[in-house]
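Here the structure comes first, spelled out in structure tokens, and everything after it is commentary.
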Amino acid sequence: MGTVATLSAEGEEAQAAVTESIHRLQELEAMVSFEEPDSDLNRLVEAAGKDFVPLHPEIYALLAVSQEYSRQSDGAWDVTAAPLVELWGIGTAKARVPAPQEIEQAKALVGWPKLLLRSDDNSAMLTEPGMKLDLGGIMKGLAIDEARKIYERHGITRGLINLGTSSLYAVGSRADGSPWRIGLRRPEGDDPKDYWGVVNLREAALSTSGDYERFFTADGERYHHIIDPRAGYPAKTNLTAVTIVVQSGETAGMRSDLLSTLVFVMGAEAGEKFLRQLPYSVQGVLLLENGRQVVIGDLPLEMKSRP
Ligand code: AMP
Ligand code: MG
């Protein structure tokens, strides 16, 4: 998943919970890896334009959640954006500004309605050859949800399931009963430990998407890794970062992960509206380019002054 996972747990079965979770993360990674010829994603790509492909139930469930949010967001969130993500190559050595006709070509292979799901047998199909899926904005969330289930089975009452700090789950609270303290990174500057705020978190999933995570500059313009699939370009938005906290449900990790990306693409106004009409409550904070913050729900946020 292109990240470093850090798992901590407290309890009699802590070691077992962590070992099993790591094993589970590796299993999940293999299901979606493009290096594994038989992975769900490779089989989908091979059968694109031809056949439905049976998937692991957890990957099917992930795609079902993903499609629901693509529909609701009018394609701002869309895992079929892979051809665009690859074309831009942001975060890789091949990052560059593509020519407009390349973007048009890639866009022809993008669109959530061209990913078909069949619930009878947990299968899916990409309707056109050349289509591909990119789960980079949601897979860490699934991993968190799965690790959390393992923690529950082992009776873990405190711990952190941390997939590279941008997506994590805080299990219970700290030993003294106080909440976990999660730093929100200051977007400008290179120090990942320089926080502009701290979220006090108890039993919840938290994800952050920001334009400072992966980007490159060309001709003085900054291009980041969150794509607006409808435009074919890195999302032009008035946001620099979005942090979402989801408290409830088995898919809390997935939803916080995809929502932070989705809201980033939508921008502050539409994103805030989207969050407020969800059928469950979320908390969060949108960090605007002009330095302003929009707090969603009663997020327990502490502001930090500069050191
Ligand atoms: P995150 O860092 O969680 O916001 O996820 C960003 C990653 O999600 C990118 O690196 C891409 O792999 C993928 N991605 C980019 N734009 C989108 C989008 N509009 N919808 C779904 N996935 C995306
Ligand atoms: Mg995400």
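In the structure tokens, the first chain shown is A, the next is B, and so on; residue numbers restart at 1 for each chain, and ligands run from 1 in the order shown.
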
Surrounding residues as a list of chain:residue names, ligand 2, max 9 Å, only C-alpha atoms and all ligand atoms =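 So the residues close to ligand 2 are A:Gly136, A:Gly137, A:Ile138, A:Met139, A:Lys140, A:Gly141, A:Ser166, A:Ser167, A:Ser207, A:Thr208, A:Ser209, A:Met254, A:Arg255, A:Ser256, A:Asp257, A:Leu258, A:Leu259, A:Ser260, A:Thr261, A:Leu262.
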
File of the preceding selection, N, CA, C and O atoms, as a PDB file, in the first residue's frame:
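What follows is the written file result-v4.pdb:
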```pdb
ATOM      1  N   GLY A 136      -5.690   3.623  -4.172  1.00  0.00           N
ATOM      2  CA  GLY A 136      -4.783   4.373  -3.285  1.00  0.00           C
ATOM      3  C   GLY A 136      -5.485   5.279  -2.284  1.00  0.00           C
ATOM      4  O   GLY A 136      -4.922   5.614  -1.254  1.00  0.00           O
ATOM      5  N   GLY A 137      -6.715   5.658  -2.570  1.00  0.00           N
ATOM      6  CA  GLY A 137      -7.409   6.576  -1.668  1.00  0.00           C
ATOM      7  C   GLY A 137      -8.339   5.893  -0.681  1.00  0.00           C
ATOM      8  O   GLY A 137      -8.994   6.569   0.110  1.00  0.00           O
ATOM      9  N   ILE A 138      -8.409   4.567  -0.709  1.00  0.00           N
ATOM     10  CA  ILE A 138      -9.381   3.861   0.137  1.00  0.00           C
ATOM     11  C   ILE A 138      -8.830   2.585   0.767  1.00  0.00           C
ATOM     12  O   ILE A 138      -9.309   2.123   1.798  1.00  0.00           O
ATOM     13  N   MET A 139      -7.767   2.042   0.162  1.00  0.00           N
ATOM     14  CA  MET A 139      -7.270   0.732   0.591  1.00  0.00           C
ATOM     15  C   MET A 139      -6.733   0.745   2.030  1.00  0.00           C
ATOM     16  O   MET A 139      -6.900  -0.212   2.777  1.00  0.00           O
ATOM     17  N   LYS A 140      -6.100   1.842   2.402  1.00  0.00           N
ATOM     18  CA  LYS A 140      -5.591   1.929   3.773  1.00  0.00           C
ATOM     19  C   LYS A 140      -6.756   1.903   4.761  1.00  0.00           C
ATOM     20  O   LYS A 140      -6.645   1.337   5.845  1.00  0.00           O
ATOM     21  N   GLY A 141      -7.860   2.488   4.343  1.00  0.00           N
ATOM     22  CA  GLY A 141      -9.046   2.472   5.182  1.00  0.00           C
ATOM     23  C   GLY A 141      -9.568   1.062   5.402  1.00  0.00           C
ATOM     24  O   GLY A 141      -9.924   0.680   6.520  1.00  0.00           O
ATOM     25  N   SER A 166      -1.437   9.182   7.728  1.00  0.00           N
ATOM     26  CA  SER A 166      -2.520   9.865   7.019  1.00  0.00           C
ATOM     27  C   SER A 166      -3.837   9.117   7.218  1.00  0.00           C
ATOM     28  O   SER A 166      -4.908   9.664   7.002  1.00  0.00           O
ATOM     29  N   SER A 167      -3.776   7.855   7.629  1.00  0.00           N
ATOM     30  CA  SER A 167      -4.981   7.090   7.945  1.00  0.00           C
ATOM     31  C   SER A 167      -4.702   6.246   9.176  1.00  0.00           C
ATOM     32  O   SER A 167      -3.737   5.485   9.189  1.00  0.00           O
ATOM     33  N   SER A 207      -8.582  10.222   8.864  1.00  0.00           N
ATOM     34  CA  SER A 207      -7.786  10.272   7.625  1.00  0.00           C
ATOM     35  C   SER A 207      -7.551  11.701   7.197  1.00  0.00           C
ATOM     36  O   SER A 207      -8.434  12.549   7.340  1.00  0.00           O
ATOM     37  N   THR A 208      -6.392  11.929   6.656  1.00  0.00           N
ATOM     38  CA  THR A 208      -6.071  13.253   6.119  1.00  0.00           C
ATOM     39  C   THR A 208      -5.632  13.126   4.668  1.00  0.00           C
ATOM     40  O   THR A 208      -4.858  12.233   4.326  1.00  0.00           O
ATOM     41  N   SER A 209      -6.152  14.005   3.819  1.00  0.00           N
ATOM     42  CA  SER A 209      -5.666  14.128   2.450  1.00  0.00           C
ATOM     43  C   SER A 209      -5.158  15.546   2.271  1.00  0.00           C
ATOM     44  O   SER A 209      -5.840  16.505   2.642  1.00  0.00           O
ATOM     45  N   MET A 254     -12.581   2.899   5.995  1.00  0.00           N
ATOM     46  CA  MET A 254     -12.754   3.130   4.556  1.00  0.00           C
ATOM     47  C   MET A 254     -13.414   4.470   4.276  1.00  0.00           C
ATOM     48  O   MET A 254     -13.021   5.209   3.388  1.00  0.00           O
ATOM     49  N   ARG A 255     -14.458   4.751   5.066  1.00  0.00           N
ATOM     50  CA  ARG A 255     -15.199   5.983   4.809  1.00  0.00           C
ATOM     51  C   ARG A 255     -14.368   7.223   5.141  1.00  0.00           C
ATOM     52  O   ARG A 255     -14.398   8.201   4.404  1.00  0.00           O
ATOM     53  N   SER A 256     -13.612   7.186   6.237  1.00  0.00           N
ATOM     54  CA  SER A 256     -12.807   8.369   6.540  1.00  0.00           C
ATOM     55  C   SER A 256     -11.738   8.549   5.453  1.00  0.00           C
ATOM     56  O   SER A 256     -11.447   9.664   5.029  1.00  0.00           O
ATOM     57  N   ASP A 257     -11.182   7.428   4.990  1.00  0.00           N
ATOM     58  CA  ASP A 257     -10.156   7.505   3.954  1.00  0.00           C
ATOM     59  C   ASP A 257     -10.705   8.098   2.653  1.00  0.00           C
ATOM     60  O   ASP A 257     -10.170   9.065   2.100  1.00  0.00           O
ATOM     61  N   LEU A 258     -11.813   7.554   2.182  1.00  0.00           N
ATOM     62  CA  LEU A 258     -12.316   8.052   0.895  1.00  0.00           C
ATOM     63  C   LEU A 258     -12.924   9.448   1.028  1.00  0.00           C
ATOM     64  O   LEU A 258     -12.826  10.261   0.107  1.00  0.00           O
ATOM     65  N   LEU A 259     -13.537   9.729   2.182  1.00  0.00           N
ATOM     66  CA  LEU A 259     -14.175  11.049   2.338  1.00  0.00           C
ATOM     67  C   LEU A 259     -13.154  12.182   2.329  1.00  0.00           C
ATOM     68  O   LEU A 259     -13.427  13.269   1.807  1.00  0.00           O
ATOM     69  N   SER A 260     -11.971  11.939   2.907  1.00  0.00           N
ATOM     70  CA  SER A 260     -10.986  13.021   2.913  1.00  0.00           C
ATOM     71  C   SER A 260     -10.563  13.339   1.479  1.00  0.00           C
ATOM     72  O   SER A 260     -10.424  14.505   1.099  1.00  0.00           O
ATOM     73  N   THR A 261     -10.412  12.311   0.668  1.00  0.00           N
ATOM     74  CA  THR A 261     -10.032  12.520  -0.735  1.00  0.00           C
ATOM     75  C   THR A 261     -11.185  13.177  -1.502  1.00  0.00           C
ATOM     76  O   THR A 261     -10.984  14.136  -2.257  1.00  0.00           O
ATOM     77  N   LEU A 262     -12.383  12.664  -1.287  1.00  0.00           N
ATOM     78  CA  LEU A 262     -13.576  13.166  -1.976  1.00  0.00           C
ATOM     79  C   LEU A 262     -13.796  14.658  -1.684  1.00  0.00           C
ATOM     80  O   LEU A 262     -14.028  15.459  -2.601  1.00  0.00           O
TER      81      LEU A 262
END
```

Test item: residues at most 9 Å from range 38-40 of chain A, only C-alpha atoms, excluding those fewer than 6 positions along its chain, as a VMD selection string = chain A and resid 30 to 32 53 to 56 59

Dump of all heavy atoms for the selected residues, as a PDB file, in the first residue's frame:
```pdb
ATOM      1  N   ALA A  30      -1.841  -8.317  -1.164  1.00  0.00           N
ATOM      2  CA  ALA A  30      -1.702  -9.258  -2.285  1.00  0.00           C
ATOM      3  C   ALA A  30      -2.962  -9.277  -3.161  1.00  0.00           C
ATOM      4  O   ALA A  30      -2.882  -9.474  -4.368  1.00  0.00           O
ATOM      5  CB  ALA A  30      -1.395 -10.648  -1.757  1.00  0.00           C
ATOM      6  N   MET A  31      -4.120  -9.053  -2.550  1.00  0.00           N
ATOM      7  CA  MET A  31      -5.368  -9.083  -3.322  1.00  0.00           C
ATOM      8  C   MET A  31      -5.430  -7.962  -4.361  1.00  0.00           C
ATOM      9  O   MET A  31      -6.105  -8.082  -5.372  1.00  0.00           O
ATOM     10  CB  MET A  31      -6.573  -8.920  -2.386  1.00  0.00           C
ATOM     11  CG  MET A  31      -6.808 -10.089  -1.467  1.00  0.00           C
ATOM     12  SD  MET A  31      -8.220  -9.726  -0.390  1.00  0.00           S
ATOM     13  CE  MET A  31      -7.957 -10.975   0.867  1.00  0.00           C
ATOM     14  N   VAL A  32      -4.756  -6.859  -4.079  1.00  0.00           N
ATOM     15  CA  VAL A  32      -4.888  -5.694  -4.972  1.00  0.00           C
ATOM     16  C   VAL A  32      -3.575  -5.316  -5.655  1.00  0.00           C
ATOM     17  O   VAL A  32      -3.518  -4.347  -6.401  1.00  0.00           O
ATOM     18  CB  VAL A  32      -5.432  -4.468  -4.198  1.00  0.00           C
ATOM     19  CG1 VAL A  32      -6.821  -4.771  -3.657  1.00  0.00           C
ATOM     20  CG2 VAL A  32      -4.498  -4.047  -3.072  1.00  0.00           C
ATOM     21  N   VAL A  53     -15.488 -10.810 -13.202  1.00  0.00           N
ATOM     22  CA  VAL A  53     -14.432 -11.527 -12.498  1.00  0.00           C
ATOM     23  C   VAL A  53     -14.830 -11.662 -11.033  1.00  0.00           C
ATOM     24  O   VAL A  53     -15.193 -10.670 -10.402  1.00  0.00           O
ATOM     25  CB  VAL A  53     -13.109 -10.714 -12.591  1.00  0.00           C
ATOM     26  CG1 VAL A  53     -12.066 -11.253 -11.644  1.00  0.00           C
ATOM     27  CG2 VAL A  53     -12.599 -10.681 -14.024  1.00  0.00           C
ATOM     28  N   PRO A  54     -14.799 -12.882 -10.481  1.00  0.00           N
ATOM     29  CA  PRO A  54     -15.108 -13.031  -9.060  1.00  0.00           C
ATOM     30  C   PRO A  54     -14.008 -12.425  -8.192  1.00  0.00           C
ATOM     31  O   PRO A  54     -12.824 -12.606  -8.484  1.00  0.00           O
ATOM     32  CB  PRO A  54     -15.190 -14.548  -8.846  1.00  0.00           C
ATOM     33  CG  PRO A  54     -14.493 -15.148 -10.015  1.00  0.00           C
ATOM     34  CD  PRO A  54     -14.491 -14.164 -11.137  1.00  0.00           C
ATOM     35  N   LEU A  55     -14.409 -11.710  -7.150  1.00  0.00           N
ATOM     36  CA  LEU A  55     -13.444 -11.016  -6.291  1.00  0.00           C
ATOM     37  C   LEU A  55     -13.496 -11.569  -4.877  1.00  0.00           C
ATOM     38  O   LEU A  55     -14.481 -12.195  -4.484  1.00  0.00           O
ATOM     39  CB  LEU A  55     -13.780  -9.517  -6.239  1.00  0.00           C
ATOM     40  CG  LEU A  55     -13.860  -8.788  -7.575  1.00  0.00           C
ATOM     41  CD1 LEU A  55     -14.354  -7.361  -7.350  1.00  0.00           C
ATOM     42  CD2 LEU A  55     -12.512  -8.772  -8.276  1.00  0.00           C
ATOM     43  N   HIS A  56     -12.452 -11.301  -4.116  1.00  0.00           N
ATOM     44  CA  HIS A  56     -12.525 -11.579  -2.683  1.00  0.00           C
ATOM     45  C   HIS A  56     -13.675 -10.740  -2.121  1.00  0.00           C
ATOM     46  O   HIS A  56     -13.850  -9.579  -2.525  1.00  0.00           O
ATOM     47  CB  HIS A  56     -11.217 -11.188  -1.980  1.00  0.00           C
ATOM     48  CG  HIS A  56     -10.085 -12.116  -2.281  1.00  0.00           C
ATOM     49  ND1 HIS A  56      -9.218 -11.907  -3.335  1.00  0.00           N
ATOM     50  CD2 HIS A  56      -9.681 -13.255  -1.674  1.00  0.00           C
ATOM     51  CE1 HIS A  56      -8.332 -12.883  -3.354  1.00  0.00           C
ATOM     52  NE2 HIS A  56      -8.582 -13.713  -2.364  1.00  0.00           N
ATOM     53  N   ILE A  59     -12.837  -7.209  -1.093  1.00  0.00           N
ATOM     54  CA  ILE A  59     -12.558  -6.256  -2.178  1.00  0.00           C
ATOM     55  C   ILE A  59     -13.870  -5.873  -2.869  1.00  0.00           C
ATOM     56  O   ILE A  59     -14.085  -4.720  -3.235  1.00  0.00           O
ATOM     57  CB  ILE A  59     -11.539  -6.845  -3.188  1.00  0.00           C
ATOM     58  CG1 ILE A  59     -10.233  -7.226  -2.466  1.00  0.00           C
ATOM     59  CG2 ILE A  59     -11.264  -5.854  -4.331  1.00  0.00           C
ATOM     60  CD1 ILE A  59      -9.569  -6.106  -1.686  1.00  0.00           C
TER      61      ILE A  59
END
```

Given the choices A:Pro279, A:Ala170, A:Pro300, A:Ala16, which gets closest to His154 in chain A if the distance is worked out from only C-alpha atoms?
->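 Looking only at the distances to His154 in chain A, the closest residue turns out to be A:Ala16.
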
Select, from A:Val171, A:Ile103, A:Val265, A:Val246, the residue with the minimum atom-to-atom distance to Asp78 in chain A, counting only C-alpha atoms.
->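 Looking at the shortest contact to Asp78 in chain A, the residue is A:Val265.
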
Just the residues within 12 Å of range 84-94 of chain A, please, counting only C-alpha atoms, with nothing from its chain fewer than 4 positions along; format it as a ChimeraX atom specification.
-> /A:2,78-80,98-111,130-137,211-218,222-235

Atoms to include: C-alpha atoms. Write the selected residues as a short mmCIF file (atom, residue, chain, number, x, y, z; two decimals), in the first residue's frame.
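To be explicit, this is the file written out as part-v7.cif:
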```cif
data_model
loop_
_atom_site.label_atom_id
_atom_site.label_comp_id
_atom_site.auth_asym_id
_atom_site.auth_seq_id
_atom_site.Cartn_x
_atom_site.Cartn_y
_atom_site.Cartn_z
CA GLY A 2 3.03 2.21 -0.31
CA ASP A 78 -13.78 7.53 -8.56
CA VAL A 79 -11.47 4.50 -8.34
CA THR A 80 -11.53 4.14 -12.13
CA PRO A 98 0.70 15.42 -19.96
CA ALA A 99 -0.42 16.88 -23.28
CA PRO A 100 -4.14 17.72 -23.50
CA GLN A 101 -4.81 14.91 -25.98
CA GLU A 102 -3.18 12.39 -23.65
CA ILE A 103 -5.50 13.56 -20.91
CA GLU A 104 -8.51 13.16 -23.22
CA GLN A 105 -7.40 9.63 -24.13
CA ALA A 106 -7.01 8.67 -20.48
CA LYS A 107 -10.35 10.26 -19.60
CA ALA A 108 -12.07 7.99 -22.12
CA LEU A 109 -11.06 5.05 -19.90
CA VAL A 110 -12.29 6.66 -16.70
CA GLY A 111 -15.79 6.72 -15.22
CA GLY A 130 -7.57 -0.47 -20.97
CA MET A 131 -9.52 0.44 -17.86
CA LYS A 132 -7.87 0.00 -14.48
CA LEU A 133 -8.59 0.66 -10.81
CA ASP A 134 -6.61 2.72 -8.32
CA LEU A 135 -7.41 2.00 -4.69
CA GLY A 136 -4.78 4.37 -3.29
CA GLY A 137 -7.41 6.58 -1.67
CA ASP A 211 -1.84 18.56 -1.51
CA TYR A 212 1.56 18.56 0.22
CA GLU A 213 1.75 14.77 0.51
CA ARG A 214 2.83 14.07 -3.04
CA PHE A 215 3.38 16.72 -5.70
CA PHE A 216 5.80 18.09 -8.23
CA THR A 217 6.37 21.53 -9.63
CA ALA A 218 6.71 22.44 -13.31
CA ARG A 222 2.38 22.84 -8.31
CA TYR A 223 0.70 19.56 -9.29
CA HIS A 224 -0.51 17.28 -6.50
CA HIS A 225 -1.68 13.67 -6.41
CA ILE A 226 -5.43 14.11 -5.94
CA ILE A 227 -7.06 14.11 -9.34
CA ASP A 228 -10.42 15.47 -10.37
CA PRO A 229 -11.43 12.56 -12.63
CA ARG A 230 -13.93 14.72 -14.51
CA ALA A 231 -11.34 17.32 -15.41
CA GLY A 232 -8.40 14.98 -15.83
CA TYR A 233 -6.20 17.36 -13.82
CA PRO A 234 -5.08 17.57 -10.21
CA ALA A 235 -8.11 18.93 -8.40
#
```

Do you know which residues are at most 10 Å from Asn162 in chain A counting only C-alpha atoms, after dropping those on the same chain fewer than 4 positions away, and could you put them as a list in words?
->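 Non-adjacent residues within range: Thr3, Val4, Ala5, Thr6, Leu7, Ser8, Lys140, Ala143, Ile144, Ser166, Ser167, Leu168, Tyr169, Ala170, Ala205 and Leu206 of chain A.
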
Counting only C-alpha atoms and all ligand atoms, which of A:Val45, A:Ala175, A:Leu163, A:Val198 gets nearest to ligand 1?
->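 Checking each candidate against ligand 1, we get A:Leu163 as the closest.
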
May I ask which of the residues A:Ser248, A:Thr243, A:Ser123, A:Asn42 is the closest one to ligand 1, counting only C-alpha atoms and all ligand atoms?
->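 Using only C-alpha atoms and all ligand atoms, the shortest distance to ligand 1 belongs to A:Thr243.
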
Shell of 6 Å around range 113-116 of chain A, only C-alpha atoms, local chain residues under 6 positions omitted, as a PDB file with all heavy atoms, in the first residue's frame:
```pdb
ATOM      1  N   ALA A 124     -17.092  -8.403 -10.473  1.00  0.00           N
ATOM      2  CA  ALA A 124     -17.076  -7.058 -11.059  1.00  0.00           C
ATOM      3  C   ALA A 124     -16.538  -7.126 -12.477  1.00  0.00           C
ATOM      4  O   ALA A 124     -15.883  -8.096 -12.863  1.00  0.00           O
ATOM      5  CB  ALA A 124     -16.221  -6.124 -10.214  1.00  0.00           C
ATOM      6  N   MET A 125     -16.821  -6.071 -13.237  1.00  0.00           N
ATOM      7  CA  MET A 125     -16.310  -6.009 -14.605  1.00  0.00           C
ATOM      8  C   MET A 125     -16.017  -4.560 -14.980  1.00  0.00           C
ATOM      9  O   MET A 125     -16.777  -3.653 -14.652  1.00  0.00           O
ATOM     10  CB  MET A 125     -17.361  -6.577 -15.563  1.00  0.00           C
ATOM     11  CG  MET A 125     -16.982  -6.433 -17.026  1.00  0.00           C
ATOM     12  SD  MET A 125     -18.213  -7.265 -18.067  1.00  0.00           S
ATOM     13  CE  MET A 125     -17.744  -6.608 -19.657  1.00  0.00           C
ATOM     14  N   LEU A 126     -14.908  -4.388 -15.664  1.00  0.00           N
ATOM     15  CA  LEU A 126     -14.603  -3.093 -16.279  1.00  0.00           C
ATOM     16  C   LEU A 126     -15.083  -3.185 -17.714  1.00  0.00           C
ATOM     17  O   LEU A 126     -14.740  -4.129 -18.425  1.00  0.00           O
ATOM     18  CB  LEU A 126     -13.097  -2.824 -16.225  1.00  0.00           C
ATOM     19  CG  LEU A 126     -12.495  -2.774 -14.818  1.00  0.00           C
ATOM     20  CD1 LEU A 126     -10.963  -2.803 -14.869  1.00  0.00           C
ATOM     21  CD2 LEU A 126     -12.969  -1.529 -14.087  1.00  0.00           C
ATOM     22  N   THR A 127     -15.903  -2.234 -18.144  1.00  0.00           N
ATOM     23  CA  THR A 127     -16.573  -2.431 -19.440  1.00  0.00           C
ATOM     24  C   THR A 127     -15.677  -2.185 -20.646  1.00  0.00           C
ATOM     25  O   THR A 127     -16.004  -2.615 -21.738  1.00  0.00           O
ATOM     26  CB  THR A 127     -17.828  -1.538 -19.563  1.00  0.00           C
ATOM     27  OG1 THR A 127     -17.405  -0.175 -19.475  1.00  0.00           O
ATOM     28  CG2 THR A 127     -18.858  -1.857 -18.481  1.00  0.00           C
TER      29      THR A 127
END
```
